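One structure below.
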Amino acid sequence: MLDLISRIRVSFIFLTAFVTYQFFNFFYFPDNIIFGDEGRFIEEAINLYQSGEFVTFGSSRAWEMPLTAIIYSLILTFVGNEDYLIHAVRFFQSLLLLIQGLLIKKISLEIFNNELSSKLALLIFLFYPFFIFYQGLLLSENLFITFLLLSFYFLYKWGKHEQFLNKNFFITLICFSLAIYTKATISFLPIILMAVYSLFRSRNFIKSAQVLISSFVFLSILMSPWWIRNYLIFDSFVPFTTTSGKNMYLGNNLKNKTGGNDQRIDWDIKFSESVSQLTELERQSKYKNEAIKFMITEPQRAIELAFLKLKRFYSFTPNAPEYGKGIYFWASLLTYSPIFILSIGSILFYRFKLSELVPVYGLILYFTFIHMIFIASLRYRLPLEPFFIVLAAQSMILLKSRFTN
C-alpha cells in the first residue's frame, strides 16, 4: 500500500512538471526563436530534411556535430511543416527533461544508495528554472545532457561488475558517442573517465590499461562514420568540428577585456572578417594559431582571461545584460547559488568516497578547464548542474540528519 502511494506521488510530480513545461512552451515562450543560435540548428535541420546534406551557414560541413540536426529533421519529417517545428521540438524536449529527471534519480541511487536523497534530487531537477528554460530552446544542450546522463547511469552500472567487457561497457560507450555526436565538448574524455573509474574501483593498473585501450578502440569504431565522412569532404582528418579554433580565439585575444564571448566586442572584427574569406579548415587553423600566439606572447593576460572565464562559468547570476536583471537574475541567484554551495559541502563531506564520485569530479574538472581555455557562459555550465543537484540533495539529507540527531 505504501509503495502504491509512493508511486502515485511520483506520478503526480511528473505530471505537474510536464504541465509546467507546456505552460512555458505554449504560453510564456514566443512562437519564434529566443537565442540566435537556435536559427542555426533550425537551418541545419531544414537543409538536412530537404537535401539530405548536413551543412551550416550554407557552406560549412563540419561546423558542429550533426546529431541535433538529424533529430530535429526527423521531427520535421513527422510534423511535415516548418511552421510547427519549434513547438514540436519544445514538446519533444520537455519529454526528454522527464527522462533526465528519472536518470538523475537513478544516478543518485547508484552513488549514494539513499532513496530520500534520490527523490529530492529528482524533485529539484524537474522544477529547476535553468532546465525549464533550456528545454524550450532549440539548442544542442538538452539532447547532449540526455545522452550524458545515460552515459553516467550505465557507467555506474558497468563499474559494479568485475568483468569489464560486459554489455554495460559497450552501452556506456555508445551513449558517450551519442553525446559526442551531439556536442563535441567531451571529445575523448569518456576513454579517460572509464579508465580512471576502473582504476579507483579495482586498484588494478593492468585492468585500467585494458579498459583504456578497449574503450579507445570501440569509441573510435563508433566515431569512424563521422571521421570517414569528413575525410571524404576535406581530404583531411577532422575528428570533431571546425569551430574550436574560433572559440579559442574569441576567448584569447587582445580585444577581449572581460573574458566574454560576444562577437560584437570581444574580438578583432576586422581580423574575423578577413578570416571568414578562407576555407573552412583554413579558418580553423588561422583562429587556433592566432589564439596560441596570443597565449605565448601575452601569458599574463591569458591567465587573467582564464580566471575571468572561470568567474563567468560559475557566476551565480546570468552574464548577459538582458538576463542579468529581473526574474532571471533572482531565479538564478535563489536556485543555483544554494545548489552550488551545497554541492561543495557534499564534496567535503564525502571526500573519501572517491571510487563512486571520481567520474563526476572528472567531468566537473574537465568542463571547468576547457571553458577556462576557450569561452565560458552559464549555458556551457548547464551539463554539470544535474550533478551539482545530485551532490546538493545528498548534502541536504546529511544536514537534516545531523540537525535531527
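Residues in the C-alpha cells are named by chain (A, B, ... in the order shown) and by number from 1 within that chain; ligands are numbered from 1 in the order shown.
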Problem set entry | DSSP-assigned alpha helix (DSSP H) members of stretch 270-319 of chain A, reported as a PyMOL selection string | chain A and resi 270-275+280-297+299-313
Problem set entry | Distance query A:Ile86 at most 12 Å, only C-alpha atoms, self and fewer than 3 positions along chain excluded, as JSON, numbers by chain | {"A": [25, 26, 29, 30, 31, 32, 33, 34, 38, 39, 41, 42, 43, 45, 46, 72, 73, 75, 76, 79, 81, 82, 83, 89, 90, 91, 92, 93, 135, 136, 137, 138, 139]}
Name all residues at most 12 Å from A:Lys157 (count only C-alpha atoms; drop same-chain ones fewer than 2 positions away) and give them as a PDB file with C-alpha atoms, in the first residue's frame.
```pdb
ATOM      1  CA  LYS A 106      18.923   6.505 -10.658  1.00  0.00           C
ATOM      2  CA  ILE A 107      22.410   8.041 -10.732  1.00  0.00           C
ATOM      3  CA  LEU A 109      20.930   5.934  -6.018  1.00  0.00           C
ATOM      4  CA  GLU A 110      23.985   4.413  -7.705  1.00  0.00           C
ATOM      5  CA  ILE A 111      26.328   6.867  -5.978  1.00  0.00           C
ATOM      6  CA  LEU A 150      22.527   7.958 -19.889  1.00  0.00           C
ATOM      7  CA  SER A 151      26.301   7.510 -20.194  1.00  0.00           C
ATOM      8  CA  PHE A 152      26.854   8.076 -16.483  1.00  0.00           C
ATOM      9  CA  TYR A 153      23.982   5.799 -15.481  1.00  0.00           C
ATOM     10  CA  PHE A 154      25.415   2.883 -17.482  1.00  0.00           C
ATOM     11  CA  LEU A 155      28.949   3.821 -16.392  1.00  0.00           C
ATOM     12  CA  GLY A 159      31.567  -0.244 -12.620  1.00  0.00           C
ATOM     13  CA  LYS A 160      29.823  -2.631 -10.216  1.00  0.00           C
ATOM     14  CA  HIS A 161      30.977  -5.744 -12.110  1.00  0.00           C
ATOM     15  CA  GLU A 162      34.422  -7.305 -12.187  1.00  0.00           C
ATOM     16  CA  GLN A 163      34.225  -8.274 -15.867  1.00  0.00           C
ATOM     17  CA  PHE A 164      34.916  -5.058 -17.753  1.00  0.00           C
ATOM     18  CA  ASN A 166      30.248  -6.742 -20.440  1.00  0.00           C
ATOM     19  CA  LYS A 167      27.170  -5.263 -22.122  1.00  0.00           C
ATOM     20  CA  ASN A 168      27.175  -2.155 -19.900  1.00  0.00           C
ATOM     21  CA  PHE A 169      30.708  -1.363 -21.061  1.00  0.00           C
ATOM     22  CA  PHE A 170      29.541  -1.168 -24.665  1.00  0.00           C
ATOM     23  CA  ILE A 171      26.256   0.602 -23.825  1.00  0.00           C
ATOM     24  CA  THR A 172      28.193   3.229 -21.854  1.00  0.00           C
ATOM     25  CA  TYR A 197      36.974   4.892 -12.752  1.00  0.00           C
ATOM     26  CA  GLU A 356      31.991   6.410  -6.587  1.00  0.00           C
TER      27      GLU A 356
END
```
Exercise. Any idea what's packed within 10 Å of A:Tyr21, counting only C-alpha atoms, ignoring anything in its chain fewer than 6 positions away? Could you give it as a PyMOL selection string?
Worked result: chain A and resi 15+27-28+90-91+93-95+97-98+126-127+131-133+135-136
For this session: Tell me which protein, DNA and RNA residues are within 10 Å of stretch 66-69 of chain A, counting only C-alpha atoms, leaving out same-chain ones fewer than 6 positions away, and put them as a PyMOL selection string.
Result: chain A and resi 40-49+54-56+75+138-144+178-184+226+241
Could you save the residues just selected, with C-alpha atoms, as a compact mmCIF listing (two decimals), in the first residue's frame?
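Output file part-v6.txt is given in full below:
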```txt
# COMPACT_ATOMS: atom_id res chain seq x y z
CA ARG A 40 21.41 27.78 -36.94
CA PHE A 41 20.06 24.46 -35.68
CA ILE A 42 16.73 25.04 -37.43
CA GLU A 43 18.52 25.90 -40.68
CA GLU A 44 20.63 22.73 -40.43
CA ALA A 45 17.56 20.57 -39.79
CA ILE A 46 15.59 22.07 -42.70
CA ASN A 47 18.53 21.71 -45.07
CA LEU A 48 19.07 18.10 -43.97
CA TYR A 49 15.35 17.41 -44.42
CA PHE A 54 24.49 18.34 -43.28
CA VAL A 55 25.62 21.92 -43.88
CA THR A 56 25.90 25.00 -41.65
CA ILE A 75 10.80 15.68 -36.08
CA LEU A 138 16.21 24.64 -29.98
CA LEU A 139 19.82 24.08 -28.97
CA SER A 140 22.02 21.00 -28.59
CA GLU A 141 22.23 21.23 -24.78
CA ASN A 142 19.05 19.29 -23.98
CA LEU A 143 19.93 16.32 -26.18
CA PHE A 144 23.54 16.40 -25.01
CA LEU A 178 25.83 9.84 -28.98
CA ALA A 179 26.73 12.69 -26.61
CA ILE A 180 29.80 13.47 -28.73
CA TYR A 181 27.76 13.33 -31.95
CA THR A 182 25.50 15.94 -30.31
CA LYS A 183 28.18 18.21 -28.85
CA ALA A 184 31.90 17.68 -29.25
CA TRP A 226 31.94 10.91 -38.90
CA THR A 241 34.29 20.12 -35.51
```
Exercise. Can you list, as a VMD selection string, every protein, DNA or RNA residue that comes within 10 Å of A:Lys207 when you count only C-alpha atoms, leaving out same-chain residues fewer than 2 positions away?
Worked result: chain A and resid 162 to 164 195 198 to 199 202 to 205 209 to 213
Those selected residues, please, written with N, CA and C atoms and delivered as a PDB file, in the first residue's frame.
```pdb
ATOM      1  N   GLU A 162      33.000  -7.035 -12.031  1.00  0.00           N
ATOM      2  CA  GLU A 162      34.422  -7.305 -12.187  1.00  0.00           C
ATOM      3  C   GLU A 162      34.806  -7.434 -13.666  1.00  0.00           C
ATOM      4  N   GLN A 163      33.934  -8.058 -14.453  1.00  0.00           N
ATOM      5  CA  GLN A 163      34.225  -8.274 -15.867  1.00  0.00           C
ATOM      6  C   GLN A 163      34.002  -6.974 -16.627  1.00  0.00           C
ATOM      7  N   PHE A 164      35.078  -6.391 -17.183  1.00  0.00           N
ATOM      8  CA  PHE A 164      34.916  -5.058 -17.753  1.00  0.00           C
ATOM      9  C   PHE A 164      34.317  -5.089 -19.156  1.00  0.00           C
ATOM     10  N   ALA A 195      38.730   4.609 -17.751  1.00  0.00           N
ATOM     11  CA  ALA A 195      39.977   4.016 -17.256  1.00  0.00           C
ATOM     12  C   ALA A 195      40.246   4.415 -15.809  1.00  0.00           C
ATOM     13  N   SER A 198      37.773   2.722 -13.480  1.00  0.00           N
ATOM     14  CA  SER A 198      38.178   1.321 -13.297  1.00  0.00           C
ATOM     15  C   SER A 198      39.337   1.208 -12.306  1.00  0.00           C
ATOM     16  N   LEU A 199      40.281   2.140 -12.406  1.00  0.00           N
ATOM     17  CA  LEU A 199      41.437   2.118 -11.501  1.00  0.00           C
ATOM     18  C   LEU A 199      41.013   2.333 -10.055  1.00  0.00           C
ATOM     19  N   SER A 202      38.996  -0.943  -8.953  1.00  0.00           N
ATOM     20  CA  SER A 202      39.702  -2.234  -8.866  1.00  0.00           C
ATOM     21  C   SER A 202      41.085  -2.143  -8.251  1.00  0.00           C
ATOM     22  N   ARG A 203      41.670  -0.925  -8.248  1.00  0.00           N
ATOM     23  CA  ARG A 203      43.061  -0.737  -7.799  1.00  0.00           C
ATOM     24  C   ARG A 203      44.012  -1.616  -8.611  1.00  0.00           C
ATOM     25  N   ASN A 204      43.665  -1.825  -9.881  1.00  0.00           N
ATOM     26  CA  ASN A 204      44.432  -2.719 -10.746  1.00  0.00           C
ATOM     27  C   ASN A 204      44.846  -1.946 -11.993  1.00  0.00           C
ATOM     28  N   PHE A 205      46.159  -1.646 -12.099  1.00  0.00           N
ATOM     29  CA  PHE A 205      46.652  -0.845 -13.211  1.00  0.00           C
ATOM     30  C   PHE A 205      46.537  -1.583 -14.542  1.00  0.00           C
ATOM     31  N   ALA A 209      44.469  -0.243 -17.722  1.00  0.00           N
ATOM     32  CA  ALA A 209      45.088  -0.086 -19.048  1.00  0.00           C
ATOM     33  C   ALA A 209      44.277  -0.825 -20.110  1.00  0.00           C
ATOM     34  N   GLN A 210      43.749  -1.988 -19.761  1.00  0.00           N
ATOM     35  CA  GLN A 210      42.896  -2.735 -20.696  1.00  0.00           C
ATOM     36  C   GLN A 210      41.623  -1.958 -21.023  1.00  0.00           C
ATOM     37  N   VAL A 211      41.053  -1.329 -20.000  1.00  0.00           N
ATOM     38  CA  VAL A 211      39.853  -0.512 -20.204  1.00  0.00           C
ATOM     39  C   VAL A 211      40.179   0.667 -21.111  1.00  0.00           C
ATOM     40  N   LEU A 212      41.331   1.293 -20.872  1.00  0.00           N
ATOM     41  CA  LEU A 212      41.749   2.446 -21.675  1.00  0.00           C
ATOM     42  C   LEU A 212      41.865   2.065 -23.150  1.00  0.00           C
ATOM     43  N   ILE A 213      42.544   0.968 -23.422  1.00  0.00           N
ATOM     44  CA  ILE A 213      42.762   0.546 -24.810  1.00  0.00           C
ATOM     45  C   ILE A 213      41.460   0.086 -25.456  1.00  0.00           C
TER      46      ILE A 213
END
```
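Minimum atom-to-atom distances from A:Val358, A:Met194, A:Leu365, A:Leu254 to A:Phe271 were compared using only C-alpha atoms, and the lowest value belongs to A:Leu254.
If you measure from each of A:Ala392, A:Ile174, A:Ile206, A:Arg402 to A:Leu120 using only C-alpha atoms, the closest one turns out to be A:Ala392.
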Problem set entry | Selection near A:Gly245, 8 Å with only C-alpha atoms, sequence-local residues under 4 positions removed, as an NGL selection string | :A and (249 or 283-289 or 291)
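Put simply, atom CA of A:Ala331 is 26.5 Å away from atom CA of A:Phe369.
You will find atom CA of A:Ser244 at 17.9 Å from atom CA of A:Tyr231.
Taking atom CA of A:Phe23 as the reference point, atom CA of A:Leu149 is found at 25.4 Å.
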